[in-house]
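Below is final_38.csv, holding CSV, C-alpha atoms.
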chain,number,residue,atom,x,y,z
A,1,MET,CA,-73.4,-18.4,71.3
A,2,LYS,CA,-74.5,-19.2,74.8
A,3,ASN,CA,-77.3,-16.7,75.3
A,4,GLU,CA,-78.7,-16.8,71.8
A,5,TRP,CA,-82.5,-16.4,71.7
A,6,PRO,CA,-84.4,-19.5,70.5
A,7,LEU,CA,-85.2,-20.0,66.9
A,8,TRP,CA,-88.8,-19.8,65.6
A,9,GLU,CA,-90.3,-21.0,62.3
A,10,VAL,CA,-92.7,-18.7,60.7
A,11,PHE,CA,-95.8,-19.7,58.7
A,12,ILE,CA,-98.1,-17.3,56.8
A,13,ARG,CA,-101.6,-17.7,55.5
A,14,SER,CA,-101.6,-15.5,52.4
A,15,LYS,CA,-105.4,-15.3,52.3
A,16,SER,CA,-108.4,-16.9,53.9
A,17,GLY,CA,-109.1,-20.3,52.5
A,18,LEU,CA,-105.4,-21.2,51.9
A,19,SER,CA,-103.2,-23.1,54.3
A,20,HIS,CA,-100.4,-21.5,56.2
A,21,LYS,CA,-97.1,-21.9,54.4
A,22,HIS,CA,-93.6,-21.9,55.8
A,23,VAL,CA,-91.7,-18.8,54.9
A,24,GLY,CA,-88.6,-18.8,57.1
A,25,SER,CA,-87.4,-18.4,60.6
A,26,LEU,CA,-86.2,-15.8,63.2
A,27,HIS,CA,-84.9,-15.4,66.7
A,28,ALA,CA,-87.0,-14.2,69.6
A,29,THR,CA,-87.2,-14.5,73.4
A,30,ASP,CA,-90.7,-15.8,73.5
A,31,ALA,CA,-93.8,-16.5,71.4
A,32,GLU,CA,-95.2,-12.9,71.6
A,33,MET,CA,-91.9,-11.4,70.4
A,34,ALA,CA,-91.7,-14.0,67.7
A,35,LEU,CA,-95.1,-13.0,66.4
A,36,GLU,CA,-94.2,-9.3,66.4
A,37,ASN,CA,-90.9,-9.9,64.7
A,38,ALA,CA,-92.5,-12.2,62.1
A,39,ARG,CA,-94.9,-9.4,61.4
A,40,ASP,CA,-92.1,-6.9,60.9
A,41,LEU,CA,-89.8,-9.3,59.0
A,42,TYR,CA,-92.0,-11.3,56.8
A,43,THR,CA,-95.2,-9.3,56.2
A,44,ARG,CA,-94.1,-5.8,55.2
A,45,ARG,CA,-95.9,-6.0,51.9
A,46,ASN,CA,-99.3,-7.5,52.8
A,47,GLU,CA,-98.1,-11.0,52.4
A,48,GLY,CA,-100.8,-12.5,54.6
A,49,VAL,CA,-103.8,-12.5,56.9
A,50,SER,CA,-102.6,-14.8,59.6
A,51,LEU,CA,-99.3,-15.8,61.2
A,52,TRP,CA,-98.1,-18.9,63.0
A,53,VAL,CA,-94.8,-19.2,64.9
A,54,VAL,CA,-93.5,-22.5,66.2
A,55,GLU,CA,-90.3,-22.8,68.1
A,56,SER,CA,-88.0,-24.7,65.8
A,57,LYS,CA,-87.0,-27.4,68.4
A,58,HIS,CA,-90.7,-28.5,68.4
A,59,ILE,CA,-90.5,-29.5,64.7
A,60,THR,CA,-89.5,-33.1,64.0
A,61,ALA,CA,-88.2,-33.5,60.5
A,62,SER,CA,-87.7,-36.6,58.4
A,63,ASP,CA,-84.1,-37.4,57.5
A,64,PRO,CA,-83.3,-36.4,53.9
A,65,ASP,CA,-81.0,-39.4,53.6
A,66,ASP,CA,-83.9,-41.7,54.4
A,67,SER,CA,-86.3,-40.1,51.9
A,68,ASP,CA,-85.9,-43.0,49.4
A,69,PRO,CA,-87.0,-45.8,51.7
A,70,LEU,CA,-89.5,-43.5,53.4
A,71,PHE,CA,-91.5,-42.7,50.3
A,72,GLU,CA,-90.7,-45.8,48.3
A,73,PRO,CA,-93.8,-47.7,49.3
A,74,ALA,CA,-96.0,-45.3,47.3
A,75,LYS,CA,-93.9,-45.5,44.2
A,76,ASP,CA,-95.1,-48.8,42.7
A,77,LYS,CA,-98.8,-48.3,43.5
A,78,ILE,CA,-99.9,-46.9,40.2
A,79,TYR,CA,-103.4,-48.1,40.8
A,80,ARG,CA,-103.9,-45.3,43.3
A,81,HIS,CA,-104.1,-42.9,40.2
A,82,PRO,CA,-107.2,-42.5,38.1
A,83,THR,CA,-105.3,-42.9,34.9
A,84,PHE,CA,-104.7,-46.6,35.8
A,85,TYR,CA,-108.2,-47.5,34.8
A,86,ASP,CA,-109.7,-48.0,31.4
A,87,VAL,CA,-112.8,-46.0,31.0
A,88,PRO,CA,-113.9,-45.5,27.4
A,89,ASP,CA,-113.9,-42.0,26.1
A,90,ASP,CA,-117.6,-41.9,25.3
A,91,VAL,CA,-118.4,-42.4,29.0
A,92,THR,CA,-118.5,-38.9,30.5
A,93,HIS,CA,-118.5,-37.4,34.0
A,94,MET,CA,-116.1,-39.9,35.4
B,1,MET,CA,-118.8,-5.3,69.2
B,2,THR,CA,-122.2,-6.6,70.0
B,3,SER,CA,-123.1,-10.1,68.8
B,4,LEU,CA,-125.5,-8.6,66.3
B,5,ASN,CA,-122.7,-6.7,64.6
B,6,LEU,CA,-120.5,-9.7,64.7
B,7,GLU,CA,-123.1,-11.8,63.0
B,8,ALA,CA,-123.6,-9.2,60.3
B,9,LEU,CA,-119.9,-9.0,59.8
B,10,PHE,CA,-119.7,-12.8,59.6
B,11,GLN,CA,-122.5,-13.0,57.0
B,12,SER,CA,-120.9,-10.2,54.9
B,13,LYS,CA,-117.7,-12.3,54.8
B,14,ILE,CA,-119.7,-15.3,53.7
B,15,ASP,CA,-121.5,-13.2,51.1
B,16,GLU,CA,-118.3,-11.9,49.6
B,17,GLU,CA,-116.8,-15.4,49.5
B,18,THR,CA,-114.2,-14.9,52.2
B,19,LYS,CA,-113.4,-18.3,53.8
B,20,ILE,CA,-114.0,-18.6,57.5
B,21,GLU,CA,-110.9,-19.8,59.4
B,22,PRO,CA,-110.6,-21.5,62.8
B,23,LYS,CA,-109.8,-18.3,64.8
B,24,ASP,CA,-112.4,-16.1,63.1
B,25,TRP,CA,-115.5,-15.3,65.1
B,26,MET,CA,-118.4,-17.5,64.1
B,27,PRO,CA,-122.0,-18.0,65.4
B,28,ASP,CA,-122.3,-20.9,67.8
B,29,ALA,CA,-124.8,-22.5,65.5
B,30,TYR,CA,-122.4,-22.4,62.5
B,31,ARG,CA,-119.7,-24.1,64.7
B,32,LYS,CA,-122.2,-26.7,65.9
B,33,THR,CA,-123.6,-27.4,62.5
B,34,LEU,CA,-120.1,-27.9,61.1
B,35,ILE,CA,-118.9,-30.1,63.9
B,36,ARG,CA,-122.0,-32.3,63.4
B,37,GLN,CA,-121.7,-32.4,59.6
B,38,ILE,CA,-117.9,-32.9,59.4
B,39,SER,CA,-117.9,-35.6,62.1
B,40,GLN,CA,-120.8,-37.4,60.4
B,41,HIS,CA,-118.8,-37.2,57.2
B,42,ALA,CA,-115.8,-38.6,59.0
B,43,HIS,CA,-117.8,-41.4,60.6
B,44,SER,CA,-119.2,-42.3,57.1
B,45,GLU,CA,-115.7,-42.7,55.8
B,46,ILE,CA,-114.7,-45.0,58.7
B,47,VAL,CA,-117.9,-47.1,58.6
B,48,GLY,CA,-117.6,-47.1,54.8
B,49,MET,CA,-114.6,-49.3,55.1
B,50,LEU,CA,-116.7,-52.2,56.3
B,51,PRO,CA,-118.9,-53.1,53.4
B,52,GLU,CA,-115.9,-53.1,51.0
B,53,GLY,CA,-113.5,-54.6,53.5
B,54,ASN,CA,-115.8,-57.6,53.4
B,55,TRP,CA,-114.5,-58.5,49.9
B,56,ILE,CA,-110.8,-57.8,50.3
B,57,THR,CA,-110.0,-61.5,51.0
B,58,ARG,CA,-112.3,-62.7,48.2
B,59,ALA,CA,-111.3,-60.3,45.4
B,60,PRO,CA,-111.2,-62.2,42.1
B,61,SER,CA,-107.6,-61.4,41.3
B,62,LEU,CA,-104.5,-59.9,42.9
B,63,ARG,CA,-104.9,-56.8,40.8
B,64,ARG,CA,-108.5,-56.3,42.1
B,65,LYS,CA,-107.3,-57.0,45.6
B,66,LEU,CA,-104.5,-54.4,45.6
B,67,ILE,CA,-106.9,-51.9,44.2
B,68,LEU,CA,-109.6,-52.6,46.8
B,69,LEU,CA,-107.0,-52.5,49.6
B,70,ALA,CA,-105.8,-49.1,48.3
B,71,LYS,CA,-109.3,-47.8,48.2
B,72,VAL,CA,-110.2,-48.9,51.7
B,73,GLN,CA,-107.0,-47.4,52.9
B,74,ASP,CA,-108.0,-44.1,51.3
B,75,GLU,CA,-111.3,-44.2,53.1
B,76,ALA,CA,-109.5,-44.5,56.5
B,77,GLY,CA,-107.3,-41.5,55.5
B,78,HIS,CA,-110.3,-39.5,54.5
B,79,GLY,CA,-111.9,-40.1,57.9
B,80,LEU,CA,-108.8,-38.9,59.6
B,81,TYR,CA,-108.6,-35.7,57.5
B,82,LEU,CA,-112.2,-34.9,58.4
B,83,TYR,CA,-111.8,-35.6,62.1
B,84,SER,CA,-108.9,-33.2,62.2
B,85,ALA,CA,-110.9,-30.6,60.4
B,86,ALA,CA,-113.6,-31.0,63.1
B,87,GLU,CA,-111.0,-30.6,65.8
B,88,THR,CA,-110.1,-27.1,64.4
B,89,LEU,CA,-113.6,-26.1,65.6
B,90,GLY,CA,-112.8,-27.2,69.2
B,91,ALA,CA,-114.3,-30.7,68.9
B,92,ASN,CA,-112.4,-33.5,70.8
B,93,ARG,CA,-111.4,-36.6,68.8
B,94,ASP,CA,-112.2,-39.0,71.6
B,95,ASP,CA,-115.7,-37.5,72.1
B,96,LEU,CA,-116.4,-37.8,68.4
B,97,VAL,CA,-115.3,-41.4,68.3
B,98,GLN,CA,-117.4,-42.2,71.4
B,99,GLN,CA,-120.4,-40.6,69.7
B,100,LEU,CA,-120.0,-43.0,66.8
B,101,LEU,CA,-119.4,-46.1,69.0
B,102,THR,CA,-122.4,-45.4,71.2
B,103,GLY,CA,-124.7,-44.9,68.2
B,104,LYS,CA,-125.3,-41.2,69.2
B,105,ALA,CA,-123.8,-39.9,66.0
B,106,LYS,CA,-125.1,-40.7,62.5
B,107,TYR,CA,-123.2,-41.8,59.4
B,108,SER,CA,-124.3,-42.2,55.9
B,109,SER,CA,-127.1,-44.8,55.7
B,110,ILE,CA,-125.8,-46.3,52.5
B,111,PHE,CA,-123.2,-48.2,54.6
B,112,ASN,CA,-126.0,-50.1,56.3
B,113,TYR,CA,-126.7,-52.1,53.2
B,114,PRO,CA,-124.9,-55.4,52.7
B,115,THR,CA,-122.3,-56.3,50.0
B,116,LEU,CA,-123.6,-59.7,48.8
B,117,ASN,CA,-121.2,-60.5,46.0
B,118,TRP,CA,-118.3,-59.1,43.9
B,119,ALA,CA,-120.5,-57.0,41.6
B,120,ASP,CA,-121.5,-54.9,44.6
B,121,ILE,CA,-117.9,-53.7,44.8
B,122,GLY,CA,-118.3,-52.4,41.3
B,123,ALA,CA,-121.7,-50.9,42.0
B,124,ILE,CA,-120.4,-49.1,45.2
B,125,GLY,CA,-117.4,-47.6,43.4
B,126,TRP,CA,-119.6,-46.4,40.5
B,127,LEU,CA,-122.8,-45.3,42.3
B,128,VAL,CA,-121.9,-44.7,45.9
B,129,ASP,CA,-118.6,-43.0,45.3
B,130,GLY,CA,-120.2,-41.3,42.3
B,131,ALA,CA,-122.9,-39.8,44.5
B,132,ALA,CA,-120.4,-39.0,47.2
B,133,ILE,CA,-118.2,-37.2,44.7
B,134,MET,CA,-121.1,-35.1,43.5
B,135,ASN,CA,-121.6,-33.9,47.1
B,136,GLN,CA,-117.9,-33.5,47.9
B,137,VAL,CA,-117.1,-31.5,44.8
B,138,MET,CA,-119.7,-29.0,46.0
B,139,LEU,CA,-118.1,-29.1,49.4
B,140,THR,CA,-114.6,-28.1,48.1
B,141,ARG,CA,-116.3,-24.6,47.9
B,142,THR,CA,-117.8,-24.7,51.4
B,143,SER,CA,-117.3,-21.6,53.5
B,144,TYR,CA,-115.2,-23.1,56.2
B,145,GLY,CA,-111.5,-23.2,55.2
B,146,PRO,CA,-110.3,-26.4,56.8
B,147,TYR,CA,-113.3,-28.4,55.6
B,148,ALA,CA,-112.9,-27.0,52.1
B,149,ARG,CA,-109.2,-27.9,52.1
B,150,ALA,CA,-109.9,-31.4,53.3
B,151,MET,CA,-112.4,-31.8,50.5
B,152,VAL,CA,-110.0,-30.8,47.8
B,153,ARG,CA,-107.5,-33.4,49.0
B,154,ILE,CA,-110.3,-36.0,49.3
B,155,CYS,CA,-111.7,-35.3,45.8
B,156,LYS,CA,-108.3,-35.6,44.3
B,157,GLU,CA,-107.7,-39.0,45.8
B,158,GLU,CA,-111.3,-40.1,45.3
B,159,SER,CA,-111.1,-39.8,41.5
B,160,PHE,CA,-109.8,-43.3,41.1
B,161,HIS,CA,-112.5,-44.8,43.4
B,162,GLN,CA,-115.3,-44.3,40.9
B,163,ARG,CA,-113.3,-45.3,37.9
B,164,GLN,CA,-112.2,-48.6,39.5
B,165,GLY,CA,-115.8,-49.4,40.3
B,166,TYR,CA,-117.0,-48.6,36.8
B,167,GLU,CA,-114.2,-50.7,35.4
B,168,ILE,CA,-115.5,-53.7,37.4
B,169,MET,CA,-119.0,-53.0,36.1
B,170,ILE,CA,-117.7,-52.9,32.5
B,171,ALA,CA,-115.9,-56.2,33.0
B,172,MET,CA,-119.0,-57.8,34.3
B,173,ALA,CA,-121.6,-56.2,32.1
B,174,LYS,CA,-119.6,-57.2,29.0
B,175,GLY,CA,-118.8,-60.6,30.4
B,176,SER,CA,-120.7,-63.9,30.6
B,177,PRO,CA,-124.6,-63.8,30.9
B,178,GLU,CA,-124.2,-64.8,34.6
B,179,GLN,CA,-121.8,-61.9,35.2
B,180,LYS,CA,-124.1,-59.5,33.4
B,181,ALA,CA,-127.0,-60.7,35.6
B,182,MET,CA,-124.9,-60.1,38.7
B,183,ALA,CA,-124.1,-56.6,37.5
B,184,GLN,CA,-127.8,-55.9,36.9
B,185,ASP,CA,-128.7,-57.3,40.3
B,186,ALA,CA,-126.1,-55.1,42.0
B,187,LEU,CA,-127.5,-52.0,40.2
B,188,ASN,CA,-131.0,-53.0,41.2
B,189,ARG,CA,-130.1,-53.1,44.8
B,190,TRP,CA,-127.8,-50.1,45.0
B,191,TRP,CA,-129.7,-47.6,42.8
B,192,TRP,CA,-132.3,-46.4,45.2
B,193,PRO,CA,-130.0,-46.3,48.3
B,194,SER,CA,-127.6,-44.2,46.2
B,195,LEU,CA,-130.3,-41.7,45.5
B,196,MET,CA,-131.1,-41.6,49.2
B,197,MET,CA,-127.6,-40.6,49.9
B,198,PHE,CA,-128.5,-37.0,49.0
B,199,GLY,CA,-130.8,-36.8,52.0
B,200,PRO,CA,-134.5,-35.8,52.4
B,201,LYS,CA,-136.4,-33.8,49.9
B,202,ASP,CA,-135.7,-30.0,50.0
B,203,ALA,CA,-139.2,-29.4,51.4
B,204,GLU,CA,-138.5,-31.7,54.3
B,205,SER,CA,-134.8,-30.9,54.9
B,206,SER,CA,-134.6,-29.1,58.3
B,207,HIS,CA,-131.1,-27.7,58.1
B,208,SER,CA,-131.0,-26.8,54.4
B,209,ASP,CA,-131.9,-23.1,54.3
B,210,GLN,CA,-129.4,-22.0,57.0
B,211,ALA,CA,-126.7,-24.2,55.5
B,212,LEU,CA,-127.2,-22.6,52.1
B,213,LYS,CA,-127.2,-19.1,53.7
B,214,TRP,CA,-123.9,-19.8,55.4
B,215,LYS,CA,-122.6,-21.5,52.2
B,216,ILE,CA,-121.8,-24.7,54.1
B,217,LYS,CA,-123.8,-26.2,51.2
B,218,ARG,CA,-124.1,-24.6,47.8
B,219,LYS,CA,-126.7,-26.9,46.2
B,220,THR,CA,-129.8,-28.4,47.7
B,221,ASN,CA,-130.3,-32.1,48.2
B,222,ASP,CA,-132.7,-32.3,45.2
B,223,GLU,CA,-130.4,-30.4,42.9
B,224,LEU,CA,-127.5,-32.7,43.7
B,225,ARG,CA,-129.8,-35.8,43.3
B,226,GLN,CA,-131.0,-34.6,39.9
B,227,GLN,CA,-127.4,-33.9,38.8
B,228,PHE,CA,-126.4,-37.4,39.8
B,229,VAL,CA,-129.3,-39.0,37.9
B,230,ASP,CA,-128.5,-37.0,34.8
B,231,VAL,CA,-124.8,-38.0,34.6
B,232,THR,CA,-125.4,-41.6,35.7
B,233,ILE,CA,-128.1,-42.8,33.4
B,234,PRO,CA,-125.9,-42.5,30.2
B,235,GLN,CA,-123.2,-44.5,32.1
B,236,ALA,CA,-125.8,-47.2,32.9
B,237,GLU,CA,-126.8,-47.2,29.2
B,238,TYR,CA,-123.2,-47.7,28.1
B,239,LEU,CA,-123.1,-50.8,30.3
B,240,GLY,CA,-126.3,-52.1,28.8
B,241,LEU,CA,-128.0,-52.1,32.2
B,242,THR,CA,-131.2,-50.6,33.3
B,243,VAL,CA,-132.0,-48.7,36.5
B,244,PRO,CA,-134.9,-50.2,38.5
B,245,ASP,CA,-137.2,-47.2,38.0
B,246,PRO,CA,-140.3,-47.6,35.7
B,247,ASP,CA,-140.9,-43.8,35.9
B,248,LEU,CA,-137.5,-42.8,34.6
B,249,ARG,CA,-137.7,-40.8,31.4
B,250,TRP,CA,-135.9,-38.0,29.6
B,251,ASN,CA,-137.7,-34.7,29.9
B,252,GLU,CA,-136.9,-32.7,26.8
B,253,GLU,CA,-138.4,-29.5,28.1
B,254,LYS,CA,-136.3,-29.3,31.3
B,255,GLY,CA,-133.3,-31.0,29.7
B,256,SER,CA,-133.0,-33.6,32.4
B,257,TYR,CA,-134.5,-36.9,33.6
B,258,ASP,CA,-137.7,-37.3,35.5
B,259,PHE,CA,-137.5,-40.1,37.9
B,260,GLY,CA,-139.7,-42.0,40.4
B,261,GLU,CA,-140.3,-41.4,44.0
B,262,ILE,CA,-137.9,-42.7,46.6
B,263,ASP,CA,-139.3,-45.0,49.2
B,264,TRP,CA,-139.0,-42.5,52.1
B,265,GLU,CA,-140.3,-45.0,54.6
B,266,GLU,CA,-137.3,-47.2,53.9
B,267,PHE,CA,-135.0,-44.1,54.1
B,268,TRP,CA,-136.2,-43.0,57.5
B,269,SER,CA,-136.3,-46.6,58.8
B,270,VAL,CA,-132.6,-47.0,57.9
B,271,VAL,CA,-131.7,-43.6,59.4
B,272,LYS,CA,-133.4,-44.6,62.6
B,273,GLY,CA,-131.3,-47.7,62.9
B,274,ASN,CA,-133.4,-50.4,61.3
B,275,GLY,CA,-131.5,-51.0,58.1
B,276,PRO,CA,-130.2,-54.5,57.2
B,277,CYS,CA,-126.7,-53.9,58.7
B,278,ASN,CA,-126.9,-51.1,61.3
B,279,LYS,CA,-126.3,-53.3,64.2
B,280,GLN,CA,-123.5,-55.3,62.5
B,281,ARG,CA,-121.7,-52.1,61.5
B,282,LEU,CA,-121.7,-50.7,65.0
B,283,GLN,CA,-120.7,-54.0,66.5
B,284,ALA,CA,-117.7,-54.2,64.1
B,285,ARG,CA,-116.6,-50.6,65.0
B,286,ASN,CA,-116.9,-51.3,68.7
B,287,LYS,CA,-115.0,-54.6,68.3
B,288,ALA,CA,-112.2,-52.9,66.3
B,289,TYR,CA,-112.0,-50.2,69.0
B,290,ASP,CA,-111.9,-52.7,71.9
B,291,ASP,CA,-109.5,-55.0,70.2
B,292,GLY,CA,-107.2,-52.1,69.5
B,293,ALA,CA,-107.1,-50.9,73.2
B,294,TRP,CA,-103.9,-52.8,74.0
B,295,VAL,CA,-102.1,-51.1,71.0
B,296,ARG,CA,-103.1,-47.7,72.3
B,297,GLU,CA,-102.0,-48.6,75.8
B,298,ALA,CA,-98.7,-50.1,74.7
B,299,ALA,CA,-97.9,-47.0,72.5
B,300,SER,CA,-98.5,-44.7,75.5
B,301,ALA,CA,-96.5,-46.9,77.8
B,302,HIS,CA,-93.6,-47.0,75.3
B,303,ALA,CA,-93.6,-43.2,74.9
B,304,ALA,CA,-93.6,-42.8,78.7
B,305,LYS,CA,-90.7,-45.2,79.0
B,306,LYS,CA,-88.7,-43.4,76.4
B,307,GLU,CA,-89.3,-40.1,78.2
B,308,GLN,CA,-88.1,-41.7,81.4
B,309,ARG,CA,-84.9,-42.9,79.8
B,310,LYS,CA,-84.2,-39.4,78.6
B,311,LEU,CA,-84.5,-38.1,82.1
B,312,GLU,CA,-82.4,-40.8,83.8
B,313,PRO,CA,-78.9,-39.7,82.8
B,314,GLN,CA,-79.7,-36.3,84.3
B,315,LEU,CA,-80.8,-37.9,87.5
B,316,GLU,CA,-77.5,-39.8,87.6
B,317,THR,CA,-75.5,-36.6,87.2
B,318,LYS,CA,-77.4,-34.9,90.0
B,319,ALA,CA,-76.8,-37.9,92.3
B,320,ALA,CA,-73.1,-37.7,91.6
Could I get this file's structure written as structure tokens?
Amino acid sequence: MKNEWPLWEVFIRSKSGLSHKHVGSLHATDAEMALENARDLYTRRNEGVSLWVVESKHITASDPDDSDPLFEPAKDKIYRHPTFYDVPDDVTHM
Amino acid sequence: MTSLNLEALFQSKIDEETKIEPKDWMPDAYRKTLIRQISQHAHSEIVGMLPEGNWITRAPSLRRKLILLAKVQDEAGHGLYLYSAAETLGANRDDLVQQLLTGKAKYSSIFNYPTLNWADIGAIGWLVDGAAIMNQVMLTRTSYGPYARAMVRICKEESFHQRQGYEIMIAMAKGSPEQKAMAQDALNRWWWPSLMMFGPKDAESSHSDQALKWKIKRKTNDELRQQFVDVTIPQAEYLGLTVPDPDLRWNEEKGSYDFGEIDWEEFWSVVKGNGPCNKQRLQARNKAYDDGAWVREAASAHAAKKEQRKLEPQLETKAA
């Protein structure tokens, strides 16, 4: 469709102290309309205290087909986890 | 709303444990205090890479080397989380970095002490990270949302840092007499600077009251220091090592340890720039920044070139 309004991604902070979380998307002519539509579409039941809208084209996503090589470097680094280390049970607060 | 009402509203949010988020109204002093504290915290993570980085090439085994690399890499990451939390308050990254490089901003004084031998890597993980964790666990409940969230992430990742340090201490303390002597020597040198990490005594801490009222901090310097001593002494005993404090003794009545007086003259001297490594640390940071200039320039030039290439086909169509 030629004149379709741009797509916007919607993020909601469910309460102060928590990060915004992606909830979905919508179409709107501009940022202001996107915020209003997001309010009507995604927060009809007090889902949050703050909204972010970002035009979808501004999001660069990693390629799912590349996820293996992309995240592979972290897989064999078990020493990044606390359980890798031997600390005797009778030593506390560690 | 008048600013008086705004401040009352702000304080009531703090009192009822509602987190403050970037777009919420906040007193200027709250914003400034947080920018100062978070950026100092970030600088500490960045400068903190230097004493440990000193031993990466000389780690005693590949296992220890991989671990130390991973730990130093984490510190860099923690610095970046914190700089970005400071930016949510309107601070500018370049300004913050410049403040560190010019010596205008402070960072934790502990990193102005030298790492003389491998046992120091164990002592740093055990004591310095142990003290930092005590402070950071408290900060996961700080009143400013982005700072609290950065702290949750950091504490999660930090949990291996202390354990790897203690593991080194166990290996050395249960090793040869020479190794045990090295472990004791490292403890002797790092004990007091670690206690200094909690800052001046409550009576002399200028920002403390307001920071508690705003719940930026939730415990005083002295409370955290006491807590650290209480959990660390049994860990030293397990190692068969003794902390260099003749006044240390268990106080049955208060259910915690009494300990000796910190050398506050040394504390202030290091804060003011006269520690063993202050100059060396700043020089190293400045050198890294200057040596990296060409990388930053090349990355910008490459991005500009890619942008130009994207435009070129359009220019050609127009010309036709």
> Within 9 Å of Trp8 in chain A, counting all atoms listed in the file, which residues qualify if same-chain residues fewer than 6 places away don't, as JSON, numbers by chain?
Replying inline: {"A": [24, 25, 26, 27, 28, 31, 34, 53, 54, 55, 56, 57]}
>> Show me, as a PyMOL selection string, the residues of chain A whose atoms get within 10 Å of chain B, using all atoms listed in the file for the distance check.
In response: chain A and resi 15-19+50+77-88+90-94
Hey, can you spit out that residue selection with C-alpha atoms as a compact mmCIF listing (two decimals), in the coordinates of the input?
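Final output, part_32.txt:
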# COMPACT_ATOMS: atom_id res chain seq x y z
CA LYS A 15 -105.40 -15.30 52.30
CA SER A 16 -108.40 -16.90 53.90
CA GLY A 17 -109.10 -20.30 52.50
CA LEU A 18 -105.40 -21.20 51.90
CA SER A 19 -103.20 -23.10 54.30
CA SER A 50 -102.60 -14.80 59.60
CA LYS A 77 -98.80 -48.30 43.50
CA ILE A 78 -99.90 -46.90 40.20
CA TYR A 79 -103.40 -48.10 40.80
CA ARG A 80 -103.90 -45.30 43.30
CA HIS A 81 -104.10 -42.90 40.20
CA PRO A 82 -107.20 -42.50 38.10
CA THR A 83 -105.30 -42.90 34.90
CA PHE A 84 -104.70 -46.60 35.80
CA TYR A 85 -108.20 -47.50 34.80
CA ASP A 86 -109.70 -48.00 31.40
CA VAL A 87 -112.80 -46.00 31.00
CA PRO A 88 -113.90 -45.50 27.40
CA ASP A 90 -117.60 -41.90 25.30
CA VAL A 91 -118.40 -42.40 29.00
CA THR A 92 -118.50 -38.90 30.50
CA HIS A 93 -118.50 -37.40 34.00
CA MET A 94 -116.10 -39.90 35.40
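Between CA of Thr102 in chain B and CA of Met151 in chain B lies a distance of 26.7 Å.
Between CA of Arg58 in chain B and CA of Ala132 in chain B the separation is 25.1 Å.
Distances from B:Lys13, B:Lys32, B:His43, B:Arg189 to Thr115 in chain B were compared using all atoms listed in the file, and the smallest one belongs to B:Arg189.
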>> Applying 12 Å and only C-alpha atoms, which residues near Arg45 in chain A remain after dropping the ones on its own chain fewer than 5 positions away? List them as a list of chain:residue names.
In response: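 After dropping sequence-adjacent residues, the list is A:Ser14, A:Arg39, A:Asp40.
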Just C-alpha atoms for this one: save the residues we selected as a compact mmCIF listing (two decimals), in the frame of the given file.
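Output file out18.txt follows:
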# COMPACT_ATOMS: atom_id res chain seq x y z
CA SER A 14 -101.60 -15.50 52.40
CA ARG A 39 -94.90 -9.40 61.40
CA ASP A 40 -92.10 -6.90 60.90
> Using all atoms listed in the file, which residues sit within 8 Å of Met196 in chain B once same-chain residues fewer than 5 positions away are excluded, as a VMD selection string?
Replying inline: chain B and resid 110 262 267
> Which one is closest to Gln184 in chain B: B:Glu265, B:Leu127, B:Thr242, B:Gly273? Count all atoms listed in the file.
Replying inline: B:Thr242
>> Can you pull out the residues contacting Tyr107 in chain B? Cut-off 9 Å, using all atoms listed in the file, and skip same-chain residues under 4 positions away; I want them as an MDAnalysis selection string.
In response: chainID B and resid 39:45 47:48 100 111 271
> To one decimal place, how far is CA of Arg225 in chain B from CA of Lys180 in chain B in Å?
Replying inline: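 CA of Lys180 in chain B lies at a distance of 26.3 Å from CA of Arg225 in chain B.
Between Ile154 in chain B and the residues B:Leu139, B:Ile14, B:Val229, B:Leu248, the shortest atom-to-atom distance, using only C-alpha atoms, involves B:Leu139.
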